[in-house]
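Below is one structure, written out as structure tokens, with a few remarks after it.
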Amino acid sequence: DLIAIPSHWLWRDGPVDSGPAVIFDMDGVLSDASQRQHFLDGPLQYWEKFFAACGEDAPIVEALEMARRLEPTVKVILPTARPNSTGL
């Protein structure tokens, strides 16, 4: 049985076909979000500023290398909480 996909979920390249896949999160897995974490620390959280700064993140080289070594037939799925305005 298929699970109904919520209307606020977006698929950039259409539905994902079944088959081998690996899921990588963006923030803290593929990109180092530590330089912008201060926007979320403390009693007030500045999510707009946190996401606006995501283009400044350095890549996490080990995770990118692991993704690069995958067989070409393995799909890479990138779920993220980043808003569409980030372009990622």
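Residue numbers start at 1 in each chain; chains themselves are named A, B, ... in the order of the structure tokens; ligands are numbered from 1 in the order shown.
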
Mind the document's chain letters and residue numbers, and return as a PDB file with N, CA and C atoms, in the first residue's frame the residues of chain A that DSSP labels alpha helix (DSSP H).
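Once written, out02.pdb looks like this:
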ATOM      1  N   TRP A  47      14.923  31.438  12.593  1.00  0.00           N
ATOM      2  CA  TRP A  47      14.964  30.451  11.514  1.00  0.00           C
ATOM      3  C   TRP A  47      15.237  31.088  10.157  1.00  0.00           C
ATOM      4  N   GLU A  48      14.676  32.259   9.893  1.00  0.00           N
ATOM      5  CA  GLU A  48      14.912  32.911   8.593  1.00  0.00           C
ATOM      6  C   GLU A  48      16.393  33.202   8.400  1.00  0.00           C
ATOM      7  N   LYS A  49      17.050  33.711   9.426  1.00  0.00           N
ATOM      8  CA  LYS A  49      18.479  34.000   9.344  1.00  0.00           C
ATOM      9  C   LYS A  49      19.285  32.699   9.240  1.00  0.00           C
ATOM     10  N   PHE A  50      18.862  31.684   9.994  1.00  0.00           N
ATOM     11  CA  PHE A  50      19.532  30.388   9.950  1.00  0.00           C
ATOM     12  C   PHE A  50      19.534  29.840   8.525  1.00  0.00           C
ATOM     13  N   PHE A  51      18.383  29.839   7.868  1.00  0.00           N
ATOM     14  CA  PHE A  51      18.311  29.308   6.509  1.00  0.00           C
ATOM     15  C   PHE A  51      18.936  30.247   5.482  1.00  0.00           C
ATOM     16  N   ALA A  52      18.849  31.553   5.705  1.00  0.00           N
ATOM     17  CA  ALA A  52      19.450  32.507   4.767  1.00  0.00           C
ATOM     18  C   ALA A  52      20.961  32.333   4.691  1.00  0.00           C
ATOM     19  N   VAL A  61      33.158  16.819   3.887  1.00  0.00           N
ATOM     20  CA  VAL A  61      33.854  16.088   2.827  1.00  0.00           C
ATOM     21  C   VAL A  61      33.625  14.587   2.904  1.00  0.00           C
ATOM     22  N   GLU A  62      33.650  14.038   4.104  1.00  0.00           N
ATOM     23  CA  GLU A  62      33.493  12.584   4.248  1.00  0.00           C
ATOM     24  C   GLU A  62      32.132  12.110   3.748  1.00  0.00           C
ATOM     25  N   ALA A  63      31.084  12.853   4.050  1.00  0.00           N
ATOM     26  CA  ALA A  63      29.743  12.472   3.601  1.00  0.00           C
ATOM     27  C   ALA A  63      29.621  12.607   2.087  1.00  0.00           C
ATOM     28  N   LEU A  64      30.188  13.666   1.529  1.00  0.00           N
ATOM     29  CA  LEU A  64      30.148  13.836   0.076  1.00  0.00           C
ATOM     30  C   LEU A  64      30.934  12.739  -0.631  1.00  0.00           C
ATOM     31  N   GLU A  65      32.037  12.337  -0.048  1.00  0.00           N
ATOM     32  CA  GLU A  65      32.833  11.256  -0.635  1.00  0.00           C
ATOM     33  C   GLU A  65      32.057   9.945  -0.587  1.00  0.00           C
ATOM     34  N   MET A  66      31.353   9.705   0.511  1.00  0.00           N
ATOM     35  CA  MET A  66      30.547   8.495   0.606  1.00  0.00           C
ATOM     36  C   MET A  66      29.457   8.503  -0.471  1.00  0.00           C
ATOM     37  N   ALA A  67      28.823   9.618  -0.681  1.00  0.00           N
ATOM     38  CA  ALA A  67      27.798   9.730  -1.724  1.00  0.00           C
ATOM     39  C   ALA A  67      28.408   9.524  -3.113  1.00  0.00           C
ATOM     40  N   ARG A  68      29.586  10.066  -3.323  1.00  0.00           N
ATOM     41  CA  ARG A  68      30.249   9.933  -4.621  1.00  0.00           C
ATOM     42  C   ARG A  68      30.578   8.486  -4.949  1.00  0.00           C
TER      43      ARG A  68
END

A:Val74 surroundings by only C-alpha atoms, 12 Å radius, close-in-sequence under 5 positions cut, as an NGL selection string:
:A and (16-23 or 67-69)

Print the selection's residues with N, CA and C atoms to a file, as a compact mmCIF listing (two decimals), in the first residue's frame.
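Everything below was put into out.txt:
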# COMPACT_ATOMS: atom_id res chain seq x y z
N VAL A 16 9.71 9.28 -6.68
CA VAL A 16 10.90 8.43 -6.64
C VAL A 16 10.48 6.99 -6.92
N ASP A 17 11.09 6.38 -7.91
CA ASP A 17 10.81 4.99 -8.23
C ASP A 17 11.39 4.08 -7.16
N SER A 18 10.84 2.89 -7.06
CA SER A 18 11.37 1.94 -6.10
C SER A 18 12.74 1.46 -6.56
N GLY A 19 13.50 0.94 -5.63
CA GLY A 19 14.84 0.45 -5.93
C GLY A 19 15.81 0.91 -4.87
N PRO A 20 17.08 0.54 -5.03
CA PRO A 20 18.09 0.92 -4.03
C PRO A 20 18.20 2.44 -3.91
N ALA A 21 18.24 2.90 -2.67
CA ALA A 21 18.34 4.34 -2.43
C ALA A 21 19.09 4.59 -1.12
N VAL A 22 19.68 5.76 -1.04
CA VAL A 22 20.34 6.23 0.18
C VAL A 22 19.78 7.61 0.48
N ILE A 23 19.52 7.85 1.75
CA ILE A 23 19.00 9.15 2.17
C ILE A 23 20.10 9.90 2.91
N ALA A 67 28.82 9.62 -0.68
CA ALA A 67 27.80 9.73 -1.72
C ALA A 67 28.41 9.52 -3.11
N ARG A 68 29.59 10.07 -3.32
CA ARG A 68 30.25 9.93 -4.62
C ARG A 68 30.58 8.49 -4.95
N ARG A 69 30.85 7.68 -3.93
CA ARG A 69 31.25 6.29 -4.14
C ARG A 69 30.07 5.33 -4.37

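Take atom CA of A:Ser31 and atom CA of A:Pro59: the distance between them is 4.4 Å.
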
Residue among A:Leu40, A:Val29, A:Ala58, A:Ala53 lying closest to A:Ser85, counting only C-alpha atoms:
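Smallest distance to A:Ser85 is found for A:Ala53.
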
Å distance separating atom CA of A:His38 from atom CA of A:Phe24, one decimal place
23.2 Å

Pull the strand (DSSP E or B) assignments for chain A out of DSSP run on the backbone, and list those residues as a list in words.
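Filtering chain A down to strand (DSSP E or B) leaves Ala21, Val22, Ile23, Asp27, Ser31, Asp32, Ala58, Pro59, Lys75, Val76 and Ile77 of chain A.
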
Report as a short mmCIF file (atom, residue, chain, number, x, y, z; two decimals) with all heavy atoms, in the first residue's frame all protein, DNA and RNA residues lying within 10 Å of A:Met26, evaluated on only C-alpha atoms, omitting residues in the same chain fewer than 4 positions from it.
data_model
loop_
_atom_site.label_atom_id
_atom_site.label_comp_id
_atom_site.auth_asym_id
_atom_site.auth_seq_id
_atom_site.Cartn_x
_atom_site.Cartn_y
_atom_site.Cartn_z
N LEU A 30 25.54 16.63 5.03
CA LEU A 30 26.28 17.01 3.82
C LEU A 30 26.91 18.39 3.95
O LEU A 30 27.93 18.67 3.34
CB LEU A 30 25.37 16.97 2.59
CG LEU A 30 24.87 15.59 2.18
CD1 LEU A 30 23.92 15.71 0.99
CD2 LEU A 30 26.02 14.66 1.84
N SER A 31 26.27 19.26 4.72
CA SER A 31 26.82 20.61 4.90
C SER A 31 26.97 20.90 6.39
O SER A 31 26.13 20.51 7.20
CB SER A 31 25.92 21.65 4.24
OG SER A 31 24.68 21.73 4.90
N ASP A 32 28.04 21.59 6.73
CA ASP A 32 28.36 21.91 8.11
C ASP A 32 27.60 23.17 8.52
O ASP A 32 27.99 24.28 8.15
CB ASP A 32 29.86 22.10 8.26
CG ASP A 32 30.29 22.39 9.67
OD1 ASP A 32 29.42 22.45 10.57
OD2 ASP A 32 31.50 22.54 9.89
N ALA A 33 26.54 22.98 9.28
CA ALA A 33 25.69 24.10 9.69
C ALA A 33 26.15 24.75 11.00
O ALA A 33 25.48 25.63 11.51
CB ALA A 33 24.25 23.61 9.84
N CYS A 54 22.60 29.47 4.85
CA CYS A 54 23.01 28.11 4.49
C CYS A 54 23.96 28.06 3.30
O CYS A 54 24.73 27.11 3.17
CB CYS A 54 21.81 27.21 4.26
SG CYS A 54 20.87 27.52 2.77
N PRO A 59 31.15 22.15 2.96
CA PRO A 59 30.70 20.76 2.81
C PRO A 59 31.36 19.87 3.85
O PRO A 59 32.47 20.16 4.32
CB PRO A 59 31.15 20.39 1.40
CG PRO A 59 32.29 21.30 1.12
CD PRO A 59 32.02 22.57 1.87
N ILE A 60 30.69 18.80 4.20
CA ILE A 60 31.29 17.77 5.05
C ILE A 60 31.86 16.74 4.07
O ILE A 60 31.13 15.96 3.46
CB ILE A 60 30.27 17.17 6.02
CG1 ILE A 60 29.79 18.28 6.97
CG2 ILE A 60 30.87 15.99 6.78
CD1 ILE A 60 28.73 17.87 7.95
N LEU A 78 17.42 13.51 -0.87
CA LEU A 78 17.85 14.59 0.02
C LEU A 78 16.66 15.26 0.68
O LEU A 78 16.18 16.28 0.21
CB LEU A 78 18.65 15.64 -0.76
CG LEU A 78 19.90 15.16 -1.48
CD1 LEU A 78 20.47 16.27 -2.35
CD2 LEU A 78 20.93 14.67 -0.49
N PRO A 79 16.14 14.70 1.76
CA PRO A 79 15.07 15.39 2.48
C PRO A 79 15.68 16.58 3.25
O PRO A 79 16.80 16.51 3.73
CB PRO A 79 14.52 14.34 3.43
CG PRO A 79 15.68 13.44 3.68
CD PRO A 79 16.50 13.45 2.42
N THR A 80 14.95 17.66 3.34
CA THR A 80 15.46 18.82 4.07
C THR A 80 14.30 19.66 4.57
O THR A 80 13.23 19.67 3.97
CB THR A 80 16.41 19.65 3.21
OG1 THR A 80 16.94 20.71 4.01
CG2 THR A 80 15.71 20.25 1.99
N ALA A 81 14.53 20.35 5.66
CA ALA A 81 13.55 21.30 6.19
C ALA A 81 13.81 22.69 5.63
O ALA A 81 13.10 23.63 5.97
CB ALA A 81 13.61 21.31 7.70
N ARG A 82 14.80 22.82 4.77
CA ARG A 82 15.11 24.14 4.21
C ARG A 82 13.93 24.63 3.36
O ARG A 82 13.36 23.88 2.58
CB ARG A 82 16.34 24.07 3.31
CG ARG A 82 17.62 23.82 4.06
CD ARG A 82 18.78 23.77 3.11
NE ARG A 82 20.04 23.53 3.81
CZ ARG A 82 21.23 23.59 3.23
NH1 ARG A 82 21.32 23.85 1.94
NH2 ARG A 82 22.31 23.37 3.94
N LEU A 88 17.80 25.17 -2.42
CA LEU A 88 18.42 23.86 -2.24
C LEU A 88 17.42 22.82 -1.84
O LEU A 88 16.50 23.00 -1.18
CB LEU A 88 19.53 23.96 -1.19
CG LEU A 88 20.61 24.99 -1.52
CD1 LEU A 88 21.53 25.16 -0.33
CD2 LEU A 88 21.41 24.56 -2.72
#

Measure the distance from atom CA of A:Glu56 to atom CA of A:Gln37 in Å and round it to one decimal.
12.2 Å
